[in-house]
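For reference, target_34.cif is printed below; it contains mmCIF, N, CA and C atoms.
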data_data
#
loop_
_atom_site.label_atom_id
_atom_site.label_comp_id
_atom_site.auth_asym_id
_atom_site.auth_seq_id
_atom_site.Cartn_x
_atom_site.Cartn_y
_atom_site.Cartn_z
N PHE A 1026 3.80 94.19 36.56
CA PHE A 1026 5.01 93.40 36.40
C PHE A 1026 4.78 92.41 35.28
N LEU A 1027 5.64 92.41 34.27
CA LEU A 1027 5.55 91.51 33.13
C LEU A 1027 6.82 90.69 33.09
N SER A 1028 6.68 89.38 32.94
CA SER A 1028 7.86 88.52 32.98
C SER A 1028 7.79 87.48 31.88
N PHE A 1029 8.88 87.30 31.15
CA PHE A 1029 9.04 86.24 30.17
C PHE A 1029 10.21 85.40 30.62
N VAL A 1030 10.04 84.08 30.69
CA VAL A 1030 11.12 83.20 31.12
C VAL A 1030 11.37 82.16 30.06
N SER A 1031 12.63 81.98 29.71
CA SER A 1031 13.04 80.97 28.74
C SER A 1031 13.18 79.63 29.44
N ASP A 1032 12.76 78.55 28.78
CA ASP A 1032 12.91 77.21 29.34
C ASP A 1032 14.24 76.56 28.96
N ASP A 1033 14.95 77.13 28.03
CA ASP A 1033 16.18 76.52 27.53
C ASP A 1033 17.39 77.32 27.96
N ASP A 1034 18.56 76.66 27.87
CA ASP A 1034 19.81 77.34 28.18
C ASP A 1034 20.27 78.25 27.05
N ASP A 1035 19.67 78.11 25.85
CA ASP A 1035 20.15 78.88 24.70
C ASP A 1035 19.40 80.19 24.50
N ASP A 1036 18.75 80.70 25.55
CA ASP A 1036 18.07 82.00 25.53
C ASP A 1036 16.90 82.07 24.55
N THR A 1037 16.19 80.96 24.31
CA THR A 1037 15.01 81.01 23.47
C THR A 1037 13.80 80.59 24.30
N LEU A 1038 12.67 81.25 24.04
CA LEU A 1038 11.42 80.87 24.70
C LEU A 1038 10.88 79.61 24.06
N ALA A 1039 9.88 79.00 24.69
CA ALA A 1039 9.30 77.74 24.20
C ALA A 1039 8.81 77.86 22.75
N ASN A 1040 8.37 79.05 22.34
CA ASN A 1040 7.87 79.22 20.98
C ASN A 1040 8.97 79.61 19.99
N GLY A 1041 10.24 79.55 20.40
CA GLY A 1041 11.35 79.81 19.50
C GLY A 1041 11.81 81.25 19.43
N VAL A 1042 11.23 82.14 20.24
CA VAL A 1042 11.62 83.55 20.23
C VAL A 1042 12.91 83.72 21.03
N ASP A 1043 13.87 84.42 20.46
CA ASP A 1043 15.13 84.69 21.14
C ASP A 1043 14.88 85.74 22.24
N VAL A 1044 15.29 85.44 23.46
CA VAL A 1044 15.05 86.32 24.60
C VAL A 1044 15.71 87.68 24.40
N VAL A 1045 16.93 87.70 23.86
CA VAL A 1045 17.64 88.96 23.64
C VAL A 1045 16.90 89.81 22.61
N VAL A 1046 16.44 89.19 21.53
CA VAL A 1046 15.69 89.91 20.50
C VAL A 1046 14.39 90.46 21.09
N LEU A 1047 13.71 89.66 21.91
CA LEU A 1047 12.47 90.09 22.54
C LEU A 1047 12.71 91.30 23.45
N ALA A 1048 13.73 91.24 24.27
CA ALA A 1048 14.04 92.35 25.19
C ALA A 1048 14.35 93.63 24.42
N ARG A 1049 15.12 93.50 23.35
CA ARG A 1049 15.46 94.69 22.55
C ARG A 1049 14.21 95.28 21.89
N ALA A 1050 13.30 94.41 21.42
CA ALA A 1050 12.08 94.88 20.77
C ALA A 1050 11.18 95.61 21.78
N ILE A 1051 11.08 95.07 22.99
CA ILE A 1051 10.28 95.73 24.03
C ILE A 1051 10.87 97.09 24.36
N ASN A 1052 12.18 97.14 24.56
CA ASN A 1052 12.84 98.41 24.88
C ASN A 1052 12.67 99.44 23.77
N ALA A 1053 12.78 99.00 22.53
CA ALA A 1053 12.63 99.91 21.40
C ALA A 1053 11.22 100.50 21.37
N GLU A 1054 10.20 99.67 21.61
CA GLU A 1054 8.82 100.15 21.61
C GLU A 1054 8.59 101.14 22.75
N LEU A 1055 9.16 100.85 23.91
CA LEU A 1055 8.96 101.74 25.05
C LEU A 1055 9.69 103.07 24.87
N ASP A 1056 10.80 103.06 24.15
CA ASP A 1056 11.57 104.29 23.94
C ASP A 1056 10.99 105.17 22.84
N ASP A 1057 10.14 104.61 21.98
CA ASP A 1057 9.68 105.31 20.79
C ASP A 1057 8.63 106.39 21.04
N ASN A 1058 7.88 106.29 22.12
CA ASN A 1058 6.80 107.28 22.28
C ASN A 1058 6.57 107.61 23.75
N GLU A 1059 5.74 108.63 23.94
CA GLU A 1059 5.46 109.14 25.29
C GLU A 1059 4.76 108.11 26.16
N ILE A 1060 3.81 107.36 25.58
CA ILE A 1060 3.08 106.34 26.35
C ILE A 1060 4.06 105.25 26.79
N GLY A 1061 4.96 104.85 25.92
CA GLY A 1061 5.97 103.84 26.27
C GLY A 1061 6.86 104.30 27.41
N THR A 1062 7.20 105.57 27.40
CA THR A 1062 8.03 106.13 28.47
C THR A 1062 7.28 106.08 29.80
N ARG A 1063 6.00 106.44 29.79
CA ARG A 1063 5.20 106.38 31.02
C ARG A 1063 5.07 104.94 31.54
N ILE A 1064 4.88 104.01 30.62
CA ILE A 1064 4.80 102.59 31.02
C ILE A 1064 6.11 102.16 31.66
N ALA A 1065 7.21 102.52 31.03
CA ALA A 1065 8.53 102.13 31.54
C ALA A 1065 8.84 102.75 32.89
N GLU A 1066 8.32 103.95 33.13
CA GLU A 1066 8.56 104.62 34.41
C GLU A 1066 7.76 104.00 35.55
N THR A 1067 6.61 103.40 35.25
CA THR A 1067 5.74 102.88 36.30
C THR A 1067 5.71 101.35 36.40
N HIS A 1068 6.24 100.67 35.42
CA HIS A 1068 6.20 99.20 35.42
C HIS A 1068 7.59 98.62 35.23
N GLU A 1069 7.72 97.39 35.67
CA GLU A 1069 8.98 96.68 35.50
C GLU A 1069 8.76 95.54 34.52
N ILE A 1070 9.62 95.45 33.52
CA ILE A 1070 9.54 94.37 32.55
C ILE A 1070 10.83 93.55 32.67
N GLU A 1071 10.66 92.26 32.85
CA GLU A 1071 11.80 91.38 33.09
C GLU A 1071 11.79 90.27 32.05
N VAL A 1072 12.87 90.11 31.32
CA VAL A 1072 13.02 89.04 30.34
C VAL A 1072 14.28 88.28 30.74
N THR A 1073 14.10 87.03 31.20
CA THR A 1073 15.24 86.28 31.72
C THR A 1073 15.18 84.81 31.31
N THR A 1074 16.29 84.13 31.54
CA THR A 1074 16.33 82.67 31.44
C THR A 1074 16.28 82.15 32.87
N PRO A 1075 15.92 80.88 33.08
CA PRO A 1075 15.79 80.37 34.44
C PRO A 1075 17.11 80.13 35.17
N GLY A 1076 18.24 80.31 34.53
CA GLY A 1076 19.52 80.08 35.19
C GLY A 1076 20.04 78.69 34.91
N GLY A 1077 21.12 78.34 35.58
CA GLY A 1077 21.75 77.04 35.36
C GLY A 1077 20.94 75.90 35.95
N LYS A 1078 21.23 74.72 35.46
CA LYS A 1078 20.57 73.53 35.97
C LYS A 1078 21.12 73.21 37.35
N ASP A 1079 20.28 72.59 38.19
CA ASP A 1079 20.72 72.29 39.54
C ASP A 1079 21.36 70.91 39.66
N GLU A 1080 21.29 70.09 38.62
CA GLU A 1080 21.92 68.76 38.67
C GLU A 1080 23.39 68.88 38.28
N ILE A 1081 24.25 68.24 39.06
CA ILE A 1081 25.70 68.34 38.84
C ILE A 1081 26.14 67.30 37.82
N THR A 1082 26.82 67.78 36.76
CA THR A 1082 27.34 66.91 35.71
C THR A 1082 28.69 67.44 35.25
N GLY A 1083 29.45 66.61 34.53
CA GLY A 1083 30.70 67.03 33.88
C GLY A 1083 31.68 67.74 34.79
N VAL A 1084 32.19 68.89 34.33
CA VAL A 1084 33.20 69.64 35.08
C VAL A 1084 32.63 70.27 36.35
N MET A 1085 31.31 70.26 36.50
CA MET A 1085 30.70 70.85 37.68
C MET A 1085 31.10 70.12 38.96
N TRP A 1086 31.55 68.86 38.86
CA TRP A 1086 31.98 68.11 40.05
C TRP A 1086 33.10 68.84 40.77
N ASP A 1087 34.06 69.35 40.02
CA ASP A 1087 35.18 70.07 40.64
C ASP A 1087 34.74 71.43 41.18
N VAL A 1088 33.85 72.09 40.46
CA VAL A 1088 33.40 73.42 40.85
C VAL A 1088 32.62 73.38 42.17
N TYR A 1089 31.78 72.36 42.35
CA TYR A 1089 30.91 72.29 43.51
C TYR A 1089 31.47 71.43 44.65
N HIS A 1090 32.75 71.11 44.61
CA HIS A 1090 33.40 70.40 45.72
C HIS A 1090 33.24 71.22 47.00
N GLY A 1091 32.70 70.60 48.06
CA GLY A 1091 32.50 71.30 49.32
C GLY A 1091 31.14 71.96 49.46
N PHE A 1092 30.33 71.97 48.41
CA PHE A 1092 29.00 72.58 48.45
C PHE A 1092 27.98 71.58 49.01
N ASP A 1093 26.89 72.12 49.57
CA ASP A 1093 25.77 71.28 50.00
C ASP A 1093 25.11 70.68 48.76
N VAL A 1094 24.78 69.37 48.84
CA VAL A 1094 24.14 68.68 47.74
C VAL A 1094 23.07 67.72 48.27
N ILE A 1095 22.20 67.30 47.37
CA ILE A 1095 21.22 66.26 47.64
C ILE A 1095 21.51 65.13 46.66
N ALA A 1096 21.84 63.95 47.19
CA ALA A 1096 22.20 62.81 46.34
C ALA A 1096 21.11 61.75 46.41
N LYS A 1097 20.66 61.30 45.24
CA LYS A 1097 19.72 60.19 45.15
C LYS A 1097 20.49 59.00 44.60
N PHE A 1098 20.30 57.84 45.24
CA PHE A 1098 21.01 56.66 44.79
C PHE A 1098 20.18 55.42 45.08
N PHE A 1099 20.55 54.30 44.43
CA PHE A 1099 19.89 53.04 44.65
C PHE A 1099 20.73 52.23 45.64
N ASP A 1100 20.10 51.79 46.72
CA ASP A 1100 20.77 50.97 47.73
C ASP A 1100 20.55 49.50 47.35
N PRO A 1101 21.61 48.81 46.85
CA PRO A 1101 21.42 47.43 46.40
C PRO A 1101 21.14 46.45 47.54
N LYS A 1102 21.57 46.76 48.76
CA LYS A 1102 21.30 45.87 49.89
C LYS A 1102 19.82 45.86 50.25
N LYS A 1103 19.22 47.06 50.32
CA LYS A 1103 17.80 47.17 50.69
C LYS A 1103 16.88 47.20 49.47
N LYS A 1104 17.51 47.23 48.29
CA LYS A 1104 16.77 47.27 47.02
C LYS A 1104 15.74 48.41 46.98
N GLU A 1105 16.21 49.62 47.37
CA GLU A 1105 15.34 50.78 47.34
C GLU A 1105 16.15 52.04 47.03
N GLU A 1106 15.42 53.07 46.58
CA GLU A 1106 16.03 54.36 46.30
C GLU A 1106 16.13 55.16 47.59
N LYS A 1107 17.28 55.81 47.80
CA LYS A 1107 17.49 56.62 48.99
C LYS A 1107 17.95 58.02 48.60
N THR A 1108 17.74 58.97 49.50
CA THR A 1108 18.18 60.34 49.31
C THR A 1108 18.94 60.77 50.56
N ILE A 1109 20.11 61.37 50.35
CA ILE A 1109 20.88 61.92 51.46
C ILE A 1109 21.25 63.36 51.15
N GLU A 1110 21.44 64.15 52.21
CA GLU A 1110 21.88 65.53 52.07
C GLU A 1110 23.21 65.68 52.80
N GLY A 1111 24.14 66.38 52.17
CA GLY A 1111 25.44 66.61 52.78
C GLY A 1111 26.28 67.49 51.88
N ARG A 1112 27.60 67.44 52.10
CA ARG A 1112 28.52 68.23 51.28
C ARG A 1112 29.27 67.31 50.32
N LEU A 1113 29.39 67.76 49.08
CA LEU A 1113 30.13 67.00 48.08
C LEU A 1113 31.60 66.99 48.46
N HIS A 1114 32.14 65.81 48.78
CA HIS A 1114 33.51 65.70 49.26
C HIS A 1114 34.48 65.30 48.14
N GLU A 1115 34.10 64.28 47.36
CA GLU A 1115 35.02 63.76 46.37
C GLU A 1115 34.27 62.98 45.30
N ARG A 1116 34.82 62.96 44.11
CA ARG A 1116 34.25 62.16 43.01
C ARG A 1116 35.41 61.53 42.26
N THR A 1117 35.37 60.21 42.12
CA THR A 1117 36.36 59.48 41.32
C THR A 1117 35.62 58.75 40.22
N ASP A 1118 36.35 57.96 39.44
CA ASP A 1118 35.70 57.19 38.37
C ASP A 1118 34.75 56.13 38.93
N GLU A 1119 35.03 55.64 40.15
CA GLU A 1119 34.22 54.57 40.73
C GLU A 1119 33.21 55.04 41.76
N THR A 1120 33.54 56.07 42.55
CA THR A 1120 32.68 56.46 43.67
C THR A 1120 32.50 57.97 43.79
N THR A 1121 31.42 58.34 44.48
CA THR A 1121 31.17 59.72 44.89
C THR A 1121 31.05 59.70 46.40
N VAL A 1122 31.74 60.64 47.07
CA VAL A 1122 31.74 60.69 48.53
C VAL A 1122 31.01 61.96 48.98
N ILE A 1123 30.00 61.76 49.84
CA ILE A 1123 29.22 62.85 50.40
C ILE A 1123 29.48 62.89 51.91
N ASN A 1124 29.82 64.07 52.44
CA ASN A 1124 30.03 64.24 53.86
C ASN A 1124 28.68 64.55 54.51
N VAL A 1125 28.16 63.58 55.27
CA VAL A 1125 26.87 63.74 55.94
C VAL A 1125 27.15 63.89 57.43
N LYS A 1126 27.08 65.13 57.92
CA LYS A 1126 27.31 65.45 59.33
C LYS A 1126 28.62 64.83 59.85
N GLY A 1127 29.69 64.97 59.08
CA GLY A 1127 31.00 64.49 59.50
C GLY A 1127 31.31 63.04 59.14
N ARG A 1128 30.32 62.29 58.68
CA ARG A 1128 30.55 60.90 58.27
C ARG A 1128 30.58 60.85 56.75
N MET A 1129 31.60 60.18 56.22
CA MET A 1129 31.75 60.09 54.78
C MET A 1129 30.92 58.93 54.23
N LYS A 1130 29.98 59.25 53.35
CA LYS A 1130 29.13 58.24 52.71
C LYS A 1130 29.65 58.03 51.30
N LYS A 1131 30.19 56.84 51.07
CA LYS A 1131 30.75 56.49 49.77
C LYS A 1131 29.68 55.77 48.95
N ILE A 1132 29.38 56.31 47.77
CA ILE A 1132 28.35 55.75 46.89
C ILE A 1132 29.00 55.35 45.58
N LYS A 1133 28.77 54.11 45.14
CA LYS A 1133 29.28 53.69 43.84
C LYS A 1133 28.56 54.48 42.76
N ASN A 1134 29.31 54.98 41.80
CA ASN A 1134 28.71 55.80 40.74
C ASN A 1134 27.66 55.02 39.94
N GLU A 1135 27.82 53.71 39.85
CA GLU A 1135 26.83 52.91 39.12
C GLU A 1135 25.47 52.90 39.82
N ASN A 1136 25.44 53.19 41.13
CA ASN A 1136 24.19 53.25 41.89
C ASN A 1136 23.67 54.68 42.05
N LEU A 1137 24.46 55.65 41.66
CA LEU A 1137 24.10 57.06 41.82
C LEU A 1137 23.08 57.47 40.76
N LEU A 1138 21.93 57.98 41.19
CA LEU A 1138 20.89 58.40 40.26
C LEU A 1138 21.01 59.88 39.90
N SER A 1139 21.28 60.73 40.92
CA SER A 1139 21.48 62.15 40.65
C SER A 1139 22.11 62.83 41.87
N VAL A 1140 22.82 63.90 41.59
CA VAL A 1140 23.36 64.78 42.63
C VAL A 1140 22.95 66.19 42.23
N LYS A 1141 22.18 66.85 43.11
CA LYS A 1141 21.65 68.18 42.79
C LYS A 1141 22.02 69.16 43.88
N LEU A 1142 22.04 70.43 43.50
CA LEU A 1142 22.20 71.51 44.47
C LEU A 1142 20.85 71.74 45.12
N PRO A 1143 20.80 72.01 46.42
CA PRO A 1143 19.51 72.30 47.07
C PRO A 1143 18.98 73.66 46.61
N LYS A 1144 17.71 73.88 46.81
CA LYS A 1144 17.10 75.17 46.49
C LYS A 1144 17.76 76.25 47.33
N ALA A 1145 17.92 77.43 46.78
CA ALA A 1145 18.54 78.54 47.50
C ALA A 1145 17.67 78.92 48.69
N LYS A 1146 18.32 79.24 49.79
CA LYS A 1146 17.60 79.67 50.98
C LYS A 1146 17.34 81.17 50.89
N LYS A 1147 16.21 81.59 51.39
CA LYS A 1147 15.88 83.01 51.38
C LYS A 1147 16.58 83.71 52.52
N GLU A 1148 17.01 84.92 52.26
CA GLU A 1148 17.66 85.73 53.28
C GLU A 1148 16.63 86.59 53.97
N LYS A 1149 16.95 86.99 55.19
CA LYS A 1149 16.04 87.87 55.94
C LYS A 1149 15.84 89.16 55.16
N GLY A 1150 14.60 89.62 55.14
CA GLY A 1150 14.31 90.89 54.47
C GLY A 1150 13.95 90.76 53.01
N THR A 1151 14.04 89.55 52.44
CA THR A 1151 13.65 89.37 51.04
C THR A 1151 12.27 88.72 50.98
N ARG A 1152 11.61 88.94 49.85
CA ARG A 1152 10.27 88.36 49.68
C ARG A 1152 10.33 86.99 49.14
#

Please lay out the structure from this file as structure tokens.
Amino acid sequence: FLSFVSDDDDDTLANGVDVVVLARAINAELDDNEIGTRIAETHEIEVTTPGGKDEITGVMWDVYHGFDVIAKFFDPKKKEEKTIEGRLHERTDETTVINVKGRMKKIKNENLLSVKLPKAKKEKGTR
């Protein structure tokens, strides 16, 4: 198993190689000769980007309304950073509302440090 992963959203690897160009070059080499065909039949080559970012920004607020999120914010009363998990309920210019087990937690946007999607859960039968 051979894997190349891009660190950027623009499909380029850390060394500046375009992922699409790399994939096409690998496929061309494997198609050109008998040894390449045997390699392709017995091995899997994967060239991908890591996917979208998990932090919610911009128009993503509307898209992820109702989704599970993890919100980090600064609590000015206790003067400490806190993390809560719940569902993204609402976002206005002044506040973000997270539904935590049926209770609405209103956080001032000026105190909000980040809102991220949780890691994907594995399904039964997958590795």

(request) Using only N, CA and C atoms, determine which residues lie at most 6.5 Å from Pro1143 in chain A, disregarding the query and same-chain residues fewer than 4 positions distant; provide the list as a PyMOL selection string. (result) chain A and resi 1093-1095

(message) For the PyMOL selection byres ((chain A and resi 1096-1108) around 7), applied here, can you spell out every residue it catches as an NGL selection string?
(response) :A and (1094-1095 or 1109-1111 or 1135-1141)

(request) Tell me which of A:Ile1132, A:Val1045, A:Ile1060, A:Ala1065 sits closest to Glu1119 in chain A, counting all atoms listed in the file. (result)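 Among A:Ile1132, A:Val1045, A:Ile1060, A:Ala1065, it is A:Ile1132 that comes nearest to Glu1119 in chain A.
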
(request) Quote the spacing between CA of Val1084 in chain A and CA of Thr1117 in chain A in Å to one decimal place. (result) 12.3 Å

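Inside range 1049-1147 of chain A, the residues DSSP reads as alpha helix (DSSP H) when given the backbone are Arg1049, Ala1050, Ile1051, Asn1052, Ala1053, Glu1054, Leu1055, Asp1056, Asp1057, Glu1059, Ile1060, Gly1061, Thr1062, Arg1063, Ile1064, Ala1065, Glu1066, Thr1067, Met1085, Trp1086, Asp1087 and Val1088 of chain A.
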
(message) Evaluate the PyMOL selection byres ((chain A and resi 1112) around 7) against this structure - the residues, as a PyMOL selection string, please.
(response) chain A and resi 1090-1094+1110-1111+1113-1115+1122-1126
